[in-house]
Amino acid sequence: MAMGSSSPEVAAALLLVMAALAGVAAGGDIVHQDDEAPKIPGCSNDFVLVKVQTWVNNREDGEFVGVGARFGPTIESKEKHANRTALLLADPIDCCTLPTAKLGGAVLLVQRGNCKFTTKAKVAEAAGASAIIIINHVHELYKMVCDRNETDLDINIPAVLLPKDAGNDLQKLLESGKVSVQLYSPDRPLVDTAEVFLWLMAVGTILCASYWSAWSAREAVIEQEKLLKDGHESSLNFEAGGSSGMVDINMTSAILFVVVASLFLIMLYKLMSHWFVELLVVIFCIGGVEGLQTCLVALLSRWFKPAAESFVKVPFFGAVSYLTLAVCPFCIVFAVIWAVYRRMTYAWIGQDILGIALIVTVIQIVRIPNLKVGSVLLSCSFLYDIFWVFISKMWFHESVMIVVARGDKTDEDGVPMLLKIPRMFDPWGGFSIIGFGDILLPGLLIAFALRLVLNLALHSSLISIIQSWWSIMNCITRGLRAISINLYLICLYVVHLLAVVLNAHHVLAQWAIEIYTNFFHLFLGMIGLPKRHYSLVTFCGQWLPMVLVRHHS
């Protein structure tokens, strides 16, 4: 169904390209260099993002995002409780000495540099400012910390650091009229629903791809056995012809994966620029078109079987089905539209569709032949992730994986080799993301396991399969039984300990213990524990706390 025999090789190459970002995840909202700056009295705030809402001539304008300092008071979390205050530009701009004009409770806008953050905050407070906004000299957010030897940290105004671009925009607003600002830091929701949907998307992709891979392998085996039973000589060449569309990973390629992926990641890190991101977008679109047309042809071939089984010879691509020719233009147009409008609000939908189609196709084409290769591949990927996310900071002074994932050196919102979902119920917005490799690599192993299970089921008797499953369930039941007994002992110990500490002869406490014990006896019977063990379990749970309490008293 794919376009010619070159598709597996193209997909295998794309696997290396996409999986080079295997460990990519959201790198957080803040870049910081204060790992060795501990909390000290007067400088112990938790770092929070701060929204800076602006008004120009009493008309609501843009909103900027900064980070609060470790010193000073906490910033209001409710927008309705935050005060709208006039904004003034500091003179001198660095605010290392007292401003020439009286501030009268205004928020002071200053430039970073020439003195410490705490010095700027003290000077602004002494001049009568109600808060201070510091413009960073780079485009990232850095956490404002205190020196170890600082003692005079009685600062009573909040301090916020803005990135360079946001600070410059805010400074330009001051030139256009009277500006007022509102500082507040809304809390994030306890549960990130985007993470839940992203997990469901990743797991669903792996399940669909694995079942497709296993079902295709099963149909190929069944077809081969039919040919062998019919005595067709053509069956001798079935394996060579039927598996030509698949690429098996061997031990050498599993080990070389780490080297190739590392080189590709370093290349991304060093060459990351606008034009290089555009090149990655083109590569992603090519892979997305291949994946999308493969998936669509596989789905539509059940309804348009004649078109799927009729082929025409196309230069360079070889024999191509009429169904593929009909679907391919739609896939190309879809990818081009996404590439052109990828900066739009809802462009993540197109990116996820292309990405999922590519992942499903790669898991269908690239296969792990045995558990040994799978173990080596995942172990090498595990070490690769740890090195480029954490250890790379020692050499590059920043996490190479996270910098590449975020696209820090470009104006793009990260590289396209990601699945992403917007945080719809988060006041801070943003996206929850996961790299293709985090789905591809586990998916290859799961697809191998599912193919193995279906192959065993195909060649094994029903009795042996039932016996195997019975053994597995028996082991699980024994494990649950052991866990249940331990939980019972812990719960019973806590109940008795409370009863002994409060009043060992309290009637209500004794009733609660009896009801709990009888209920759990019923549960122990349900999980299959022999009745002769009930007394031993209950004895341990009832008398152990008594002995311990008397011993401590």
# chains A, B, ... in the order shown; residues from 1 in each chain; ligands from 1

call {"tool": "residues_around", "arguments": {"residues": "stretch 360-374 of chain A", "least_positions_apart": "6", "cutoff": "8 Å", "atoms": "only C-alpha atoms", "output": "VMD selection string"}}
result
chain A and resid 8 11 to 12 15 205 to 206 208 to 210 212 to 213 245 to 251 254 291 294 to 295 440 443 to 445 447 to 448

call {"tool": "residues_around", "arguments": {"residues": "stretch 183-186 of chain A", "least_positions_apart": "6", "cutoff": "8 Å", "atoms": "only C-alpha atoms", "output": "PyMOL selection string"}}
result
chain A and resi 48-53+75-79+82-84+427-428

call {"tool": "closest_residue", "arguments": {"among": "A:Trp388, A:Tyr341, A:Leu418, A:Leu265", "to": "A:Phe431", "atoms": "only C-alpha atoms"}}
result
A:Leu418

call {"tool": "select_by_dssp", "arguments": {"residues": "stretch 275-327 of chain A", "states": "strand (DSSP E)", "output": "list of chain:residue names"}}
result
A:Phe311, A:Val312, A:Lys313, A:Val314, A:Gly318, A:Ala319, A:Val320, A:Ser321

call {"tool": "write_last_selection", "arguments": {"atoms": "all heavy atoms", "output": "short mmCIF file (atom, residue, chain, number, x, y, z; two decimals), in the first residue's frame"}}
result
data_model
loop_
_atom_site.label_atom_id
_atom_site.label_comp_id
_atom_site.auth_asym_id
_atom_site.auth_seq_id
_atom_site.Cartn_x
_atom_site.Cartn_y
_atom_site.Cartn_z
N PHE A 311 -3.08 -1.73 -9.47
CA PHE A 311 -1.83 -0.98 -9.40
C PHE A 311 -1.49 -0.36 -10.74
O PHE A 311 -1.89 -0.84 -11.80
CB PHE A 311 -0.68 -1.89 -8.95
CG PHE A 311 -0.85 -2.40 -7.54
CD1 PHE A 311 -1.59 -3.54 -7.27
CD2 PHE A 311 -0.26 -1.73 -6.48
CE1 PHE A 311 -1.74 -4.01 -5.99
CE2 PHE A 311 -0.40 -2.20 -5.18
CZ PHE A 311 -1.14 -3.34 -4.93
N VAL A 312 -0.73 0.72 -10.66
CA VAL A 312 -0.20 1.38 -11.84
C VAL A 312 1.26 1.69 -11.56
O VAL A 312 1.64 2.00 -10.43
CB VAL A 312 -0.99 2.68 -12.16
CG1 VAL A 312 -0.90 3.67 -11.02
CG2 VAL A 312 -0.48 3.29 -13.45
N LYS A 313 2.08 1.61 -12.57
CA LYS A 313 3.51 1.82 -12.40
C LYS A 313 3.80 3.32 -12.51
O LYS A 313 3.46 3.98 -13.48
CB LYS A 313 4.29 1.06 -13.46
CG LYS A 313 5.75 0.84 -13.09
CD LYS A 313 6.40 -0.21 -13.97
CE LYS A 313 7.82 -0.50 -13.48
NZ LYS A 313 8.47 -1.55 -14.30
N VAL A 314 4.45 3.84 -11.44
CA VAL A 314 4.80 5.26 -11.38
C VAL A 314 6.32 5.36 -11.33
O VAL A 314 6.96 4.64 -10.55
CB VAL A 314 4.18 5.93 -10.13
CG1 VAL A 314 4.59 7.39 -10.04
CG2 VAL A 314 2.67 5.79 -10.15
N GLY A 318 7.60 3.04 -8.35
CA GLY A 318 7.26 1.67 -8.69
C GLY A 318 5.76 1.48 -8.79
O GLY A 318 5.01 2.39 -9.17
N ALA A 319 5.30 0.27 -8.41
CA ALA A 319 3.87 -0.04 -8.48
C ALA A 319 3.12 0.63 -7.33
O ALA A 319 3.45 0.43 -6.17
CB ALA A 319 3.67 -1.55 -8.44
N VAL A 320 2.12 1.43 -7.69
CA VAL A 320 1.33 2.17 -6.69
C VAL A 320 -0.14 1.90 -6.96
O VAL A 320 -0.60 1.93 -8.11
CB VAL A 320 1.62 3.68 -6.78
CG1 VAL A 320 0.78 4.44 -5.76
CG2 VAL A 320 3.10 3.96 -6.55
N SER A 321 -0.89 1.64 -5.91
CA SER A 321 -2.31 1.35 -6.07
C SER A 321 -3.08 2.63 -6.41
O SER A 321 -2.64 3.74 -6.08
CB SER A 321 -2.88 0.73 -4.79
OG SER A 321 -2.90 1.68 -3.74
#

call {"tool": "residues_around", "arguments": {"residues": "A:Ile134", "least_positions_apart": "3", "cutoff": "10 Å", "atoms": "only C-alpha atoms", "output": "PyMOL selection string"}}
result
chain A and resi 66-67+93-95+108-113+117+120-121+137+144+159-164+167
